[in-house]
Amino acid sequence: MIRAHIMPLTVLLPLVGAYFILLVGSKHRSLARNVALVTTGATFAMVCFITYLVSNQGTLFYHLGGWAPPLGIELQADPITAFLLLTFAGVSFFVILFAYDILPDEINSKVITRYYALYLVLLGALLGIVLSNDFFNMYVFLEISSIAAAALVAVNGDKLAMEASIKYLVMSTLGSGTVLMGIAGLYMVTGYLNLDYLAGALPQAYASYPLTVLMTLAMLTVGIAVKAALFPLHVWLPDAHGSAPTSSSAILSGLVVKVYIAVLLKLLYRVFPLDFLTTLPLQGSLLVMATLGIFIGSIMAIRQKDIKKMLAYSTVAQIGYVFLGIGLFSEKAMTGAILHVFNHAVMKSMLFLSVGLLIKYSGKRTIADLAGLGRVYPIPMIAFSVGALSMVGIPPLSGFISKWYLGLGALEANHLPFLLVLLLSSLLNGFYYMPIVIAGFFKKETVEIQTHKVPMGAQISLIVLIGATFFFGLFSNIVVDFLAPTVQGLFEVFGGGI
Amino acid sequence: MRDIIVQVVARMMIPYLQLYGLYIILFGHNSPGGGFAGGTVIASSLILYVLAFGIDDEDLRLSGSVARVIESCGALAYVGIGLAGIFLGANFLSNKGAGFPLGIPGRFLSGGTIVLLTISIGLKVASTMITLFTNLAEKEKEEE
């Protein structure tokens, strides 16, 4: 039974968990975190099962209520979707495991049950966005995710986080509004919301209403770019991710900005024909924005004194890489972009978690104060170093693989300058990550460090994330082979053109 | 602000508002309306009560904690009805396909699970509105 209905059940499980927590959590505080841990764990297991089914049977479809599209709501899982699902469910499980003993100290005890509930709602929304095969459901889940994400930033109610959260909410609501207008436009000219039907009806719609179709494409791209923090629409990100509690920063920087990239992938590669996109100035603008994002994000990160702000700016730069991969319109670059979504999710959540732990124990947020902490807290500092090295792109680590594929993609698409961009930006990444690693292990501590015991859950979760960084760096071919047919398919399907 | 005119008018209006809200929810499957619209109407009647009689009046006001429980139950009920479709051998949220009787179109007892779904949405929306309102009102009271 579960086998046939796995997709809706996967989206429902976190949502049911969230309402269950709200129902019983106010009376039994300690129950909330256990429910959250079990729910995210079970979701992760179900997503693994989806991946297994996809790898055996190919793309899965599910029609809610038994109504076939275009009338009904359709869920779809292909290898790319399954890989993204695995990223989202896996990372959020390890973040909750990490936070098991740490969150109660960090979050006001009045709101902690609601925090877990919001976290699960956010996870459900992320999985829903990835699985939906029609734009309207995607939009509904987008809204759920942006409201839940803004609430996760503001949860403690301190002034900085409140301000950042309002900024985030305003920007992301603007983004959603733009996306909704775009979806309305597509529906107006084609009469469909289902992605496959849209793709079929679009050529004719373009012949009749060229301006409307172009307008909707522009609106959808810009709306998604705001939410995914593509430069210069990233202004909300550093504040929101920098001031949120540790586990929120990890999931926001690692996952929430990525889900909008999943939407963009579906939009650009499954709905709009590729040879139509290449006739537009879209590619140029994506590539320019991505390149500017990479450089300016890195330069701003170098200038930061606050370590969480630095990591947040680094996310702006890394999002640039993903957009670069999407904008190059080549198979290899596309693989690189999808890999980077995963690799960055693992690396950045690991960085935010380890930094959160170090901040918690040392009580300092500035980069200079992290000196010498590596000798007292080896596991968090090793996790930070592995994440940092992977960000820079040192070979056996997973960050190298995604950059390698982006580089190959730049070659394949004959856009050689972007190789230089990749090299230079890796150098810039080294500029702001390496000093912290060196100071953490080799410099004398500037403040007196008290020794605390790092909780078991946090250690396990960091070790697993370190392991994942190594594993997907050394055995990236597993993932690449899994994704290859679908990625090739994306580039083959649209031969007809508009 | 305790105004006798507001209180008398509110006392007269609230039963009708609630009845109207119930009507919108229960006839959502046959006529314009549904869970969301009806839920907000019911919530507005309860909010009107608090506005007229004050947040401290505990007699009839729906307290925040009760509202929160109803809210979760409404959402879980919706999921439960959806899962019933799976247990009966059809897809999630299946209606006729899972064997629910559809009845005669236009009658009150028709449309299979839809009336149950609108009721759970109505519960959820009404209690959410009240939770939002009481949260804001109580926050203000704390700050004073």
# chains A, B, ... in the order shown; residues from 1 in each chain; ligands from 1
call {"tool": "closest_atom_pairs", "arguments": {"of": "chain B", "to": "chain A", "cutoff": "9 Å", "atoms": "only C-alpha atoms", "output": "tab-separated table"}}
result
residue	atom	partner	partner_atom	distance
B:Ser65	CA	A:Ser26	CA	8.9
B:Arg68	CA	A:Leu23	CA	7.4
B:Val69	CA	A:Leu23	CA	5.6
B:Ile70	CA	A:Leu23	CA	8.6
B:Glu71	CA	A:Tyr19	CA	8.4
B:Ser72	CA	A:Tyr19	CA	5.1
B:Cys73	CA	A:Leu23	CA	7.6
B:Ala75	CA	A:Tyr19	CA	7.2
B:Leu76	CA	A:Val16	CA	6.5
B:Val79	CA	A:Val16	CA	7.6
B:Gly82	CA	A:Gly65	CA	8.4
B:Leu83	CA	A:Leu9	CA	8.9
B:Gly85	CA	A:Gly65	CA	7.7
B:Ile86	CA	A:His5	CA	7.7
B:Phe87	CA	A:Met1	CA	8.4
B:Gly89	CA	A:Met1	CA	8.4
B:Ala90	CA	A:Gly66	CA	7.1
B:Asn91	CA	A:Gly65	CA	5.2
B:Phe92	CA	A:Gly65	CA	5.3
B:Leu93	CA	A:Gly65	CA	4.5
B:Ser94	CA	A:Gly65	CA	3.7
B:Asn95	CA	A:Gly65	CA	6.7
B:Lys96	CA	A:Gly65	CA	8.9
B:Gly97	CA	A:Gly66	CA	7.0
B:Ala98	CA	A:Gly65	CA	8.8
call {"tool": "residues_around", "arguments": {"residues": "region 429-437 of chain A", "least_positions_apart": "6", "cutoff": "10 Å", "atoms": "only C-alpha atoms", "output": "ChimeraX atom specification"}}
result
/A:294-295,297-304,307,310-311,314,317-318,367-374,381-382,384-389,391-394,423,443
call {"tool": "atom_distance", "arguments": {"atom1": "CA of Leu419 (chain A)", "atom2": "CA of Ala337 (chain A)"}}
result
14.6 Å
call {"tool": "select_by_dssp", "arguments": {"residues": "region 219-437 of chain A", "states": "helix (DSSP H, G or I)", "output": "PyMOL selection string"}}
result
chain A and resi 219-228+236-243+246-271+274-277+282-303+307-327+331-362+367-370+373-376+378-392+398-412+417-437
call {"tool": "residues_around", "arguments": {"residues": "Ala43 (chain B)", "least_positions_apart": "3", "cutoff": "8 Å", "atoms": "only C-alpha atoms", "output": "list of chain:residue names"}}
result
B:Gly39, B:Thr40, B:Leu46, B:Ile47, B:Val125, B:Ala126, B:Ser127, B:Met129, B:Ile130
call {"tool": "residues_around", "arguments": {"residues": "Ile114 (chain B)", "least_positions_apart": "2", "cutoff": "12 Å", "atoms": "only C-alpha atoms", "output": "number ranges by chain"}}
result
A: 65; B: 25-30, 34-35, 78, 81-82, 93-96, 100-103, 108-112, 116-121
call {"tool": "atom_distance", "arguments": {"atom1": "CA of Tyr23 (chain B)", "atom2": "CA of Gly122 (chain B)"}}
result
11.0 Å
call {"tool": "residues_around", "arguments": {"residues": "Lys348 (chain A)", "least_positions_apart": "5", "cutoff": "7 Å", "atoms": "only C-alpha atoms", "output": "mmCIF file with C-alpha atoms, in the first residue's frame"}}
result
data_model
loop_
_atom_site.group_PDB
_atom_site.id
_atom_site.type_symbol
_atom_site.label_atom_id
_atom_site.label_comp_id
_atom_site.auth_asym_id
_atom_site.auth_seq_id
_atom_site.Cartn_x
_atom_site.Cartn_y
_atom_site.Cartn_z
ATOM 1 C CA ALA A 250 21.518 25.646 8.249
ATOM 2 C CA SER A 253 20.984 28.425 3.524
ATOM 3 C CA GLY A 254 21.295 24.767 2.703
#
call {"tool": "atom_distance", "arguments": {"atom1": "CA of Met12 (chain B)", "atom2": "CA of Gly74 (chain B)"}}
result
28.4 Å
call {"tool": "residues_around", "arguments": {"residues": "region 256-266 of chain A", "least_positions_apart": "5", "cutoff": "7 Å", "atoms": "only C-alpha atoms", "output": "short mmCIF file (atom, residue, chain, number, x, y, z; two decimals) with N, CA and C atoms, in the first residue's frame"}}
result
data_model
loop_
_atom_site.label_atom_id
_atom_site.label_comp_id
_atom_site.auth_asym_id
_atom_site.auth_seq_id
_atom_site.Cartn_x
_atom_site.Cartn_y
_atom_site.Cartn_z
N LEU A 126 8.80 21.94 1.20
CA LEU A 126 9.94 21.75 0.28
C LEU A 126 9.73 20.49 -0.56
N VAL A 130 9.03 20.14 -4.77
CA VAL A 130 9.83 19.30 -5.66
C VAL A 130 8.96 18.26 -6.37
N ILE A 224 11.43 33.90 -9.18
CA ILE A 224 12.21 32.81 -8.59
C ILE A 224 13.59 33.31 -8.18
N LYS A 227 13.57 34.88 -4.81
CA LYS A 227 13.48 33.92 -3.71
C LYS A 227 14.74 33.07 -3.58
N ALA A 228 15.43 32.86 -4.71
CA ALA A 228 16.66 32.07 -4.66
C ALA A 228 17.87 32.95 -4.41
N ILE A 251 19.23 25.16 7.63
CA ILE A 251 18.24 24.67 6.68
C ILE A 251 17.88 25.75 5.67
N VAL A 271 9.35 23.08 -19.35
CA VAL A 271 8.22 23.79 -19.92
C VAL A 271 8.61 24.53 -21.19
N VAL A 341 23.76 21.85 -6.03
CA VAL A 341 22.63 22.03 -5.13
C VAL A 341 22.79 21.09 -3.93
#
call {"tool": "decode", "arguments": {"residues": "region 19-101 of chain B", "atoms": "C-alpha atoms", "output": "mmCIF file, in the first residue's frame"}}
result
data_model
loop_
_atom_site.group_PDB
_atom_site.id
_atom_site.type_symbol
_atom_site.label_atom_id
_atom_site.label_comp_id
_atom_site.auth_asym_id
_atom_site.auth_seq_id
_atom_site.Cartn_x
_atom_site.Cartn_y
_atom_site.Cartn_z
ATOM 1 C CA LEU B 19 -25.563 30.577 11.767
ATOM 2 C CA TYR B 20 -24.634 32.178 8.445
ATOM 3 C CA GLY B 21 -21.069 30.901 8.772
ATOM 4 C CA LEU B 22 -22.337 27.390 9.462
ATOM 5 C CA TYR B 23 -24.633 27.624 6.454
ATOM 6 C CA ILE B 24 -21.747 28.639 4.195
ATOM 7 C CA ILE B 25 -19.638 25.733 5.447
ATOM 8 C CA LEU B 26 -22.347 23.078 5.291
ATOM 9 C CA PHE B 27 -23.620 24.078 1.852
ATOM 10 C CA GLY B 28 -20.167 24.607 0.374
ATOM 11 C CA HIS B 29 -20.556 21.572 -1.855
ATOM 12 C CA ASN B 30 -23.859 22.721 -3.364
ATOM 13 C CA SER B 31 -23.639 26.491 -3.528
ATOM 14 C CA PRO B 32 -20.982 29.209 -3.495
ATOM 15 C CA GLY B 33 -19.020 29.141 -0.274
ATOM 16 C CA GLY B 34 -17.051 26.493 1.517
ATOM 17 C CA GLY B 35 -14.766 25.915 4.451
ATOM 18 C CA PHE B 36 -12.563 28.955 4.128
ATOM 19 C CA ALA B 37 -15.318 31.532 3.633
ATOM 20 C CA GLY B 38 -17.565 30.052 6.311
ATOM 21 C CA GLY B 39 -14.700 29.633 8.726
ATOM 22 C CA THR B 40 -13.773 33.303 8.477
ATOM 23 C CA VAL B 41 -17.406 34.331 9.057
ATOM 24 C CA ILE B 42 -17.594 32.220 12.218
ATOM 25 C CA ALA B 43 -14.229 33.516 13.371
ATOM 26 C CA SER B 44 -15.330 37.097 12.774
ATOM 27 C CA SER B 45 -18.337 36.557 15.030
ATOM 28 C CA LEU B 46 -16.083 35.360 17.838
ATOM 29 C CA ILE B 47 -13.647 38.201 17.238
ATOM 30 C CA LEU B 48 -16.586 40.612 17.386
ATOM 31 C CA TYR B 49 -17.447 39.157 20.783
ATOM 32 C CA VAL B 50 -13.946 39.856 22.069
ATOM 33 C CA LEU B 51 -13.981 43.365 20.605
ATOM 34 C CA ALA B 52 -17.282 44.192 22.239
ATOM 35 C CA PHE B 53 -16.806 42.519 25.611
ATOM 36 C CA GLY B 54 -13.035 42.621 26.024
ATOM 37 C CA ILE B 55 -10.341 39.973 26.060
ATOM 38 C CA ASP B 56 -10.732 39.387 29.813
ATOM 39 C CA ASP B 57 -14.307 38.215 29.531
ATOM 40 C CA GLU B 58 -13.834 34.498 29.879
ATOM 41 C CA ASP B 59 -17.496 33.422 29.721
ATOM 42 C CA LEU B 60 -18.032 32.846 26.050
ATOM 43 C CA ARG B 61 -14.716 33.637 24.493
ATOM 44 C CA LEU B 62 -12.909 30.756 22.802
ATOM 45 C CA SER B 63 -9.579 30.584 24.588
ATOM 46 C CA GLY B 64 -6.332 30.482 22.651
ATOM 47 C CA SER B 65 -5.345 26.997 23.781
ATOM 48 C CA VAL B 66 -8.708 25.487 22.794
ATOM 49 C CA ALA B 67 -8.492 27.231 19.432
ATOM 50 C CA ARG B 68 -5.038 25.751 18.899
ATOM 51 C CA VAL B 69 -6.300 22.243 19.604
ATOM 52 C CA ILE B 70 -9.224 22.676 17.192
ATOM 53 C CA GLU B 71 -6.826 24.052 14.591
ATOM 54 C CA SER B 72 -4.606 20.980 14.685
ATOM 55 C CA CYS B 73 -7.614 18.652 14.764
ATOM 56 C CA GLY B 74 -9.096 20.347 11.684
ATOM 57 C CA ALA B 75 -5.900 19.877 9.709
ATOM 58 C CA LEU B 76 -5.456 16.288 10.877
ATOM 59 C CA ALA B 77 -9.109 15.511 10.063
ATOM 60 C CA TYR B 78 -8.547 16.701 6.486
ATOM 61 C CA VAL B 79 -5.540 14.427 6.146
ATOM 62 C CA GLY B 80 -7.500 11.595 7.764
ATOM 63 C CA ILE B 81 -10.299 11.924 5.208
ATOM 64 C CA GLY B 82 -7.684 11.945 2.473
ATOM 65 C CA LEU B 83 -6.071 8.823 3.894
ATOM 66 C CA ALA B 84 -9.468 7.116 4.050
ATOM 67 C CA GLY B 85 -9.314 7.123 0.254
ATOM 68 C CA ILE B 86 -6.045 5.176 0.409
ATOM 69 C CA PHE B 87 -7.408 2.686 2.964
ATOM 70 C CA LEU B 88 -10.401 2.032 0.745
ATOM 71 C CA GLY B 89 -8.098 1.071 -2.066
ATOM 72 C CA ALA B 90 -8.062 4.212 -4.197
ATOM 73 C CA ASN B 91 -5.775 7.244 -4.367
ATOM 74 C CA PHE B 92 -5.242 9.899 -1.726
ATOM 75 C CA LEU B 93 -8.322 12.150 -1.376
ATOM 76 C CA SER B 94 -10.370 9.866 -3.624
ATOM 77 C CA ASN B 95 -14.086 10.412 -3.357
ATOM 78 C CA LYS B 96 -16.318 8.342 -5.578
ATOM 79 C CA GLY B 97 -13.380 6.201 -6.606
ATOM 80 C CA ALA B 98 -12.980 5.027 -3.012
ATOM 81 C CA GLY B 99 -16.669 4.115 -2.782
ATOM 82 C CA PHE B 100 -18.107 7.099 -0.930
ATOM 83 C CA PRO B 101 -21.781 7.527 -1.894
#
